[in-house]
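Structure file my_file_20.txt (compact mmCIF, C-alpha atoms and all ligand atoms) is printed below.
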```txt
# COMPACT_ATOMS: atom_id res chain seq x y z
CA MET A 474 90.79 86.53 106.95
CA GLN A 475 90.46 82.81 106.32
CA ASN A 476 87.75 80.35 105.32
CA LYS A 477 85.53 83.33 104.65
CA PHE A 478 84.00 82.81 101.30
CA GLY A 479 81.89 79.77 102.18
CA LYS A 480 80.53 81.51 105.24
CA ARG A 481 80.01 84.82 103.46
CA ALA A 482 77.82 83.03 100.92
CA LEU A 483 75.60 81.88 103.81
CA ALA A 484 75.25 85.43 105.06
CA ALA A 485 74.40 86.61 101.56
CA LEU A 486 71.69 83.97 101.40
CA GLY A 487 70.12 85.75 104.34
CA LEU A 488 70.29 82.88 106.82
CA GLY A 489 69.41 83.92 110.36
CA LEU A 490 72.14 84.26 112.93
CA SER A 491 71.50 80.96 114.74
CA ALA A 492 71.09 78.97 111.51
CA ALA A 493 74.32 80.36 110.11
CA LEU A 494 76.13 79.62 113.38
CA ALA A 495 74.90 76.02 113.31
CA LEU A 496 75.99 75.53 109.71
CA THR A 497 79.42 77.09 110.07
CA GLY A 498 80.16 75.50 113.43
CA CYS A 499 81.54 78.93 114.37
CA GLY A 500 85.06 77.43 114.19
CA GLY A 501 88.16 78.61 112.39
CA ALA A 502 91.45 80.05 113.48
CA ALA A 503 90.48 83.70 113.26
CA GLY A 504 89.76 83.96 117.02
CA SER A 505 93.20 83.22 118.46
CA GLN A 506 95.56 86.18 118.64
CA SER A 507 98.61 86.08 116.42
CA ASN A 508 101.95 87.65 117.30
CA GLU A 509 102.79 87.85 113.61
CA PRO A 510 102.11 90.94 111.51
CA TYR A 511 99.22 90.19 109.17
CA THR A 512 99.50 90.60 105.40
CA GLY A 513 96.28 90.64 103.40
CA THR A 514 93.07 92.42 102.49
CA LEU A 515 90.04 93.25 104.63
CA ASP A 516 86.63 93.25 102.93
CA LEU A 517 84.50 96.24 103.94
CA SER A 518 80.78 96.34 103.17
CA LEU A 519 79.13 99.68 102.36
CA ALA A 520 75.40 100.34 102.07
CA LEU A 521 76.12 103.27 99.74
CA GLY A 522 78.05 103.76 96.51
CA GLU A 523 81.38 105.07 95.32
CA GLY A 524 81.93 108.74 96.27
CA SER A 525 79.40 108.54 99.13
CA HIS A 526 80.44 109.85 102.56
CA HIS A 527 80.60 106.21 103.73
CA HIS A 528 83.11 105.56 100.96
CA ILE A 529 85.11 108.71 101.76
CA GLY A 530 85.34 107.62 105.42
CA ALA A 531 86.16 104.02 104.52
CA GLU A 532 88.90 105.14 102.14
CA ALA A 533 90.43 107.45 104.75
CA PHE A 534 90.55 104.38 107.03
CA GLY A 535 91.97 102.08 104.33
CA ASP A 536 94.65 104.52 103.17
CA LYS A 537 95.79 105.23 106.73
CA LEU A 538 95.88 101.52 107.62
CA GLU A 539 97.93 100.76 104.54
CA GLU A 540 100.34 103.57 105.47
CA LEU A 541 100.62 102.47 109.11
CA THR A 542 101.29 98.85 108.16
CA ASP A 543 103.74 99.65 105.32
CA GLY A 544 101.29 98.28 102.79
CA ARG A 545 100.74 94.93 104.54
CA ILE A 546 97.03 95.48 105.24
CA THR A 547 94.78 96.82 102.52
CA VAL A 548 91.01 97.31 102.41
CA LYS A 549 88.64 96.35 99.63
CA TYR A 550 85.37 98.34 99.42
CA HIS A 551 82.15 96.54 98.48
CA TYR A 552 79.58 99.16 97.47
CA ASN A 553 75.80 99.18 97.47
CA ASN A 554 75.11 96.18 99.73
CA ALA A 555 77.12 93.83 97.51
CA LEU A 556 77.81 91.65 100.59
CA GLY A 557 74.20 91.80 101.83
CA GLY A 558 71.66 94.13 103.43
CA GLU A 559 72.61 95.95 106.64
CA ARG A 560 71.13 93.36 109.03
CA GLU A 561 72.84 90.56 107.11
CA VAL A 562 76.14 92.43 107.28
CA VAL A 563 75.87 92.89 111.06
CA GLU A 564 74.99 89.17 111.36
CA GLY A 565 77.91 88.35 109.08
CA MET A 566 80.39 90.27 111.26
CA SER A 567 78.86 88.64 114.31
CA ILE A 568 79.73 85.16 113.02
CA ASP A 569 82.97 86.34 111.38
CA SER A 570 81.82 85.63 107.83
CA ILE A 571 82.15 89.35 106.93
CA ASP A 572 85.24 91.31 107.97
CA MET A 573 83.95 94.86 108.22
CA GLY A 574 80.98 97.06 107.44
CA ILE A 575 79.56 100.55 107.74
CA ALA A 576 75.86 100.21 108.52
CA SER A 577 73.26 102.43 110.11
CA THR A 578 72.11 101.53 113.63
CA GLY A 579 68.51 100.84 112.49
CA PRO A 580 68.88 97.03 112.33
CA ILE A 581 71.21 96.85 115.39
CA GLY A 582 68.35 97.27 117.87
CA GLY A 583 67.43 93.68 116.96
CA PHE A 584 70.77 92.58 118.49
CA VAL A 585 71.08 95.06 121.37
CA PRO A 586 67.81 96.78 122.36
CA ASP A 587 69.72 99.82 123.74
CA TYR A 588 70.34 100.79 120.11
CA PHE A 589 66.65 101.54 119.67
CA LEU A 590 67.74 104.75 121.40
CA PHE A 591 68.89 106.11 118.05
CA ASP A 592 65.48 105.49 116.53
CA LEU A 593 63.75 107.77 119.03
CA PRO A 594 62.46 110.74 117.04
CA TYR A 595 63.74 114.25 117.77
CA LEU A 596 66.23 112.93 120.35
CA MET A 597 69.21 114.96 119.06
CA ASP A 598 68.95 118.72 118.46
CA ASN A 599 71.77 118.99 115.92
CA HIS A 600 75.07 117.44 114.79
CA GLU A 601 77.03 118.93 117.72
CA HIS A 602 74.64 117.30 120.17
CA ALA A 603 74.86 113.90 118.40
CA HIS A 604 78.66 113.94 118.09
CA ALA A 605 79.11 114.98 121.73
CA VAL A 606 76.93 112.06 122.89
CA LEU A 607 78.65 109.49 120.67
CA ASP A 608 82.13 110.71 121.64
CA SER A 609 81.32 110.50 125.35
CA GLU A 610 81.17 107.49 127.67
CA ILE A 611 77.63 106.89 126.34
CA GLY A 612 79.08 105.96 122.92
CA ASP A 613 81.76 103.83 124.59
CA GLU A 614 79.21 101.93 126.67
CA LEU A 615 76.95 101.29 123.69
CA ALA A 616 79.93 100.02 121.69
CA ALA A 617 80.92 97.71 124.54
CA LYS A 618 77.38 96.27 124.65
CA LEU A 619 77.42 95.43 120.94
CA GLU A 620 80.83 93.82 121.34
CA GLU A 621 79.70 91.68 124.31
CA THR A 622 76.31 90.72 122.89
CA ALA A 623 77.00 90.30 119.18
CA ASN A 624 80.79 89.99 118.82
CA VAL A 625 80.87 93.08 116.65
CA LYS A 626 83.43 95.79 117.40
CA ILE A 627 82.67 99.45 116.67
CA LEU A 628 85.83 101.16 115.40
CA ALA A 629 84.37 104.63 114.75
CA TRP A 630 81.00 106.32 115.21
CA MET A 631 80.63 107.42 111.61
CA GLU A 632 77.24 108.73 110.52
CA ASN A 633 74.42 108.83 108.06
CA GLY A 634 73.29 112.17 109.45
CA PHE A 635 69.80 113.58 110.00
CA ARG A 636 67.01 111.84 108.18
CA HIS A 637 64.23 113.45 106.15
CA GLU A 638 61.06 112.09 104.57
CA THR A 639 60.39 111.85 100.83
CA ASN A 640 57.24 110.67 99.09
CA SER A 641 55.38 110.48 95.80
CA VAL A 642 52.02 111.75 97.12
CA ARG A 643 52.15 115.33 98.47
CA PRO A 644 54.27 117.87 100.36
CA ILE A 645 54.33 117.30 104.14
CA ASN A 646 53.76 120.48 106.10
CA THR A 647 52.02 118.97 109.13
CA PRO A 648 51.76 115.40 110.50
CA GLU A 649 48.19 115.27 109.12
CA ASP A 650 49.66 115.35 105.60
CA LEU A 651 51.18 111.90 106.25
CA LYS A 652 47.80 110.31 106.87
CA GLY A 653 47.44 106.98 105.05
CA ILE A 654 50.69 107.27 103.09
CA LYS A 655 52.43 103.90 102.60
CA HIS A 656 55.73 104.51 104.36
CA ARG A 657 58.80 102.27 104.50
CA THR A 658 60.73 102.16 107.79
CA GLN A 659 63.98 100.41 108.62
CA GLU A 660 63.68 97.07 110.38
CA SER A 661 62.98 98.65 113.76
CA GLU A 662 59.79 98.56 115.86
CA VAL A 663 60.50 102.05 117.23
CA GLN A 664 60.47 103.42 113.71
CA VAL A 665 57.20 101.66 112.90
CA ASP A 666 55.65 103.20 116.05
CA THR A 667 57.03 106.64 115.16
CA TRP A 668 55.51 106.72 111.69
CA THR A 669 52.27 105.21 112.94
CA ALA A 670 52.11 108.02 115.55
CA LEU A 671 52.66 110.52 112.73
CA GLY A 672 49.68 109.05 110.85
CA ALA A 673 51.44 107.09 108.10
CA ASN A 674 50.77 103.48 107.13
CA ALA A 675 54.19 102.19 108.25
CA THR A 676 55.86 98.92 107.18
CA PRO A 677 59.45 97.78 107.82
CA MET A 678 61.48 96.71 104.79
CA ALA A 679 65.14 95.80 104.21
CA TRP A 680 67.17 98.52 102.53
CA PRO A 681 68.05 96.72 99.27
CA GLU A 682 64.33 96.34 98.44
CA VAL A 683 63.37 99.98 98.94
CA TYR A 684 64.06 101.52 95.51
CA THR A 685 61.99 98.91 93.68
CA ALA A 686 59.17 99.16 96.24
CA LEU A 687 58.99 102.93 95.67
CA GLN A 688 59.23 102.52 91.92
CA GLN A 689 56.38 100.00 91.87
CA ASN A 690 54.31 102.04 94.33
CA VAL A 691 54.29 99.20 96.89
CA MET A 692 55.65 101.98 99.11
CA GLU A 693 54.97 105.70 98.60
CA SER A 694 57.32 107.16 101.18
CA GLN A 695 60.69 106.58 102.83
CA GLU A 696 63.11 108.58 104.97
CA ASN A 697 66.89 108.89 104.80
CA PRO A 698 69.63 111.50 105.01
CA LEU A 699 69.94 113.77 101.96
CA PRO A 700 73.26 112.29 100.70
CA THR A 701 71.68 108.82 100.75
CA ILE A 702 68.55 110.05 98.97
CA TYR A 703 70.76 111.48 96.24
CA ASP A 704 73.22 108.56 96.15
CA VAL A 705 70.51 106.00 95.44
CA LYS A 706 68.60 108.32 93.05
CA PHE A 707 65.32 108.36 94.99
CA TYR A 708 64.53 111.59 93.10
CA GLU A 709 63.69 109.34 90.15
CA VAL A 710 60.78 107.78 92.07
CA GLN A 711 59.86 110.45 94.68
CA ASP A 712 58.53 113.97 93.95
CA TYR A 713 58.48 115.57 97.41
CA LEU A 714 61.39 116.24 99.75
CA ASN A 715 60.22 117.16 103.25
CA MET A 716 62.78 118.40 105.79
CA THR A 717 61.38 116.50 108.76
CA GLN A 718 64.81 116.04 110.42
CA HIS A 719 63.21 113.45 112.70
CA VAL A 720 66.21 111.28 113.55
CA TYR A 721 69.99 111.49 113.69
CA SER A 722 71.32 108.25 112.26
CA PRO A 723 74.78 106.98 113.23
CA ALA A 724 76.48 104.56 110.82
CA PRO A 725 79.31 102.98 112.81
CA MET A 726 82.28 101.43 111.05
CA MET A 727 82.45 97.93 112.55
CA MET A 728 84.59 94.81 112.45
CA SER A 729 84.11 91.17 113.39
CA LYS A 730 85.42 91.01 116.96
CA LYS A 731 86.83 87.55 116.31
CA LEU A 732 88.81 88.98 113.43
CA PHE A 733 89.97 92.03 115.42
CA ASP A 734 91.09 89.81 118.31
CA SER A 735 93.11 87.63 115.93
CA PHE A 736 95.48 90.47 114.98
CA SER A 737 98.74 91.15 116.75
CA GLU A 738 98.68 94.02 119.26
CA ASP A 739 100.57 96.26 116.85
CA ASP A 740 98.09 95.59 114.05
CA GLN A 741 95.17 96.20 116.44
CA GLN A 742 96.71 99.58 117.34
CA ALA A 743 97.13 100.43 113.66
CA ILE A 744 93.45 99.58 113.01
CA LEU A 745 92.29 101.76 115.91
CA GLU A 746 94.55 104.63 114.86
CA ALA A 747 93.34 104.45 111.25
CA ALA A 748 89.72 104.49 112.45
CA GLU A 749 90.37 107.52 114.67
CA HIS A 750 91.92 109.30 111.69
CA ALA A 751 88.96 108.45 109.42
CA LEU A 752 86.16 109.55 111.80
CA PRO A 753 86.37 113.37 111.34
CA VAL A 754 86.96 112.90 107.61
CA GLN A 755 83.71 110.94 107.26
CA ARG A 756 81.68 113.32 109.46
CA GLN A 757 82.87 116.34 107.49
CA ALA A 758 82.03 114.63 104.18
CA SER A 759 78.55 113.86 105.52
CA LEU A 760 78.00 117.51 106.54
CA ASP A 761 79.31 118.86 103.23
CA GLN A 762 77.19 116.46 101.22
CA GLU A 763 74.06 117.35 103.21
CA THR A 764 74.28 120.99 102.06
CA GLU A 765 75.27 120.06 98.51
CA MET A 766 72.61 117.37 98.06
CA LYS A 767 69.72 119.56 99.22
CA LYS A 768 70.50 121.84 96.29
CA LYS A 769 71.01 118.96 93.88
CA LEU A 770 67.78 117.19 94.83
CA VAL A 771 65.83 120.37 94.07
CA GLU A 772 67.72 120.67 90.77
CA GLU A 773 66.62 117.11 90.01
CA GLY A 774 63.02 118.33 90.32
CA MET A 775 62.01 117.48 93.87
CA GLU A 776 59.62 119.93 95.55
CA LEU A 777 61.05 121.07 98.90
CA ALA A 778 58.95 121.58 102.06
CA GLU A 779 60.47 122.91 105.31
CA PRO A 780 57.74 122.31 107.89
CA ASP A 781 57.50 123.72 111.42
CA LEU A 782 58.78 120.73 113.44
CA GLU A 783 56.93 121.45 116.69
CA PRO A 784 53.70 119.56 115.74
CA PHE A 785 55.88 116.58 114.70
CA ARG A 786 57.67 116.61 118.06
CA GLU A 787 54.33 116.67 119.89
CA ALA A 788 52.85 113.86 117.76
CA VAL A 789 55.68 111.44 118.62
CA GLU A 790 55.50 111.83 122.43
CA PRO A 791 53.65 108.46 122.74
CA VAL A 792 56.76 106.81 121.24
CA TYR A 793 58.80 108.06 124.23
CA GLU A 794 56.13 106.90 126.67
CA LYS A 795 56.25 103.38 125.21
CA TRP A 796 59.95 103.01 124.41
CA ALA A 797 61.94 105.08 126.93
CA PRO A 798 61.22 102.55 129.76
CA GLU A 799 62.22 99.67 127.43
CA ILE A 800 65.46 101.32 126.30
CA GLY A 801 66.22 102.73 129.75
CA GLN A 802 64.64 105.97 130.99
CA GLU A 803 67.93 107.06 132.54
CA LEU A 804 69.86 106.64 129.28
CA VAL A 805 67.18 108.43 127.27
CA ASP A 806 67.08 111.36 129.72
CA LYS A 807 70.88 111.54 129.81
CA VAL A 808 71.07 111.80 126.02
CA ARG A 809 68.18 114.26 125.73
CA ASN A 810 69.70 116.55 128.36
CA PHE A 811 73.35 116.05 127.37
CA GLU A 812 75.35 119.28 127.61
CA TYR A 813 77.37 120.05 124.50
C1 LIG A 901 68.22 102.54 105.46
O1 LIG A 901 67.31 103.35 105.25
O2 LIG A 901 67.99 101.33 105.55
C2 LIG A 901 69.64 103.04 105.66
O3 LIG A 901 69.64 104.37 106.02
C3 LIG A 901 70.47 102.80 104.45
C4 LIG A 901 71.90 103.27 104.69
O4 LIG A 901 72.56 102.88 105.65
O5 LIG A 901 72.41 104.05 103.91
```
If you convert what's in this file into structure tokens, what do you get?
Amino acid sequence: MQNKFGKRALAALGLGLSAALALTGCGGAAGSQSNEPYTGTLDLSLALGEGSHHHIGAEAFGDKLEELTDGRITVKYHYNNALGGEREVVEGMSIDSIDMGIASTGPIGGFVPDYFLFDLPYLMDNHEHAHAVLDSEIGDELAAKLEETANVKILAWMENGFRHETNSVRPINTPEDLKGIKHRTQESEVQVDTWTALGANATPMAWPEVYTALQQNVMESQENPLPTIYDVKFYEVQDYLNMTQHVYSPAPMMMSKKLFDSFSEDDQQAILEAAEHALPVQRQASLDQETEMKKKLVEEGMELAEPDLEPFREAVEPVYEKWAPEIGQELVDKVRNFEY
């Protein structure tokens, strides 16, 4: 809310968390709770553009918050990483230089290793499974860990949805078809191990650099949910759409904890209520866009492959052997066997 713009510029420059903390002194009044109703605008960072399911969810939140606070609190949407890449945005909320963001969990494992859970391939069977896990005490406990460790508060488990691979080389019908393909992963070691196990030549890269890397052939392959692939026009630089459905990707809507704690109790309640209202709106938009975008991506000229997923599941077993003990075998088993 206050003294933000100087600090936000630091986050946008991509300074690491500790360097930014040292420079900002981590001070400011935003931490102490006010009894006064707040009047002002919250800045919300989005990795996707206008009309995306992130935007639809964010707007449902903003409209409801405005209604609940009689117009006192409004939300400004910053599309397409305008406030920084996803890791920078999480860092920014952590040091209270960015108010809010919707970001996928890929870069969050760097803050709280439990979040590498979501990078485990073929962990969730379908949307019902994923939503049931996130809406249970498992989602609550993961949110509490991020809050304690990184001072970032999850307001709603919004989503990116299931991710699929695209490339400019060939259709992928078996893991062997990925052999040697230059594949971009999110900034997560689990993802690098997954794509290495599948045979690709995997390299992590920050999201804002991906389009250009694919365009210039520095990378030949990437993976994202269908609405994202359409939103950022990957069909312009990728010929093959392969329904690998390897990971369910949450995209929580988050807020700087210091900022949240600074609001009056009534305003905190309004924020939580608006987030609860927005969650099903965003999830439905994500589901609708998944169906719609599959059709549209084919219309844009992408060649569609729908491989048998069993050989992919088998190929990634070593990733579980390595990472389940690190993440917590009990947590991994609980999620895999969750009844929904
Ligand atoms: C990524 O691939 O880095 C993310 O999925 C981008 C996003 O959150 O939309």
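For the point (76.9, 103.3, 101.8) in file coordinates, the residues within 9 Å, using all atoms listed in the file, are Ser518, Leu519, Ala520, Leu521, Gly522, Glu523, Ser525, His526, His527, His528, Tyr552, Asn553, Asn554, Ile575, Ala576, Asn633, Thr701 and Asp704 of chain A.
Each of A:Lys769, A:His600, A:His719, A:Arg657 was compared to ligand LIG 901 (chain A) using only C-alpha atoms and all ligand atoms, and A:Arg657 turns out to be the nearest.
Remark: for Glu763 of chain A, the closest of the candidate residues A:Gly583, A:Gly653, A:Pro700, A:Gly801 is A:Pro700 (distances computed over all atoms listed in the file).
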key: Which of A:Val808, A:Pro784, A:Gln741, A:Val754 sits closest to Ser507 of chain A [using all atoms listed in the file]   =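 Ranking A:Val808, A:Pro784, A:Gln741, A:Val754 by distance to Ser507 of chain A, first place goes to A:Gln741.
The two atoms in question, atom CA of Glu783 of chain A and atom CA of Pro698 of chain A, are spaced 19.9 Å apart.
The point (99.0, 98.6, 110.4) has these residues within 10 Å of it, counting only C-alpha atoms: Pro510, Tyr511, Thr512, Gly535, Lys537, Leu538, Glu539, Glu540, Leu541, Thr542, Asp543, Gly544, Arg545, Ile546, Thr547, Phe736, Ser737, Glu738, Asp739, Asp740, Gln741, Gln742, Ala743, Ile744, Leu745, Glu746 and Ala747 of chain A.
Nearest residue to Phe811 of chain A, choosing from A:Ala603, A:Asp569, A:Ile654, A:Asn640 and counting all atoms listed in the file: A:Ala603.
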task = Work out how far atom CA of Thr514 of chain A is from atom CA of Val548 of chain A, in Å to one decimal.
result = 5.3 Å
ask   = Of the candidates A:Val562, A:Leu607, A:Leu804, A:Val710, which shows the shortest atom-to-atom distance to ligand LIG 901 (chain A), using only C-alpha atoms and all ligand atoms?
value =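 Under the stated criterion, the closest residue is A:Val562.
For the pair atom CA of Lys626 of chain A and atom C3 of ligand LIG 901 (chain A), the separation is 19.6 Å.
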query = Of the candidates A:Gly672, A:Pro586, A:Pro648, A:Gly634, which shows the shortest atom-to-atom distance to Pro725 of chain A, using all atoms listed in the file?
reply =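 Ranked by minimum distance to Pro725 of chain A, first place goes to A:Gly634.
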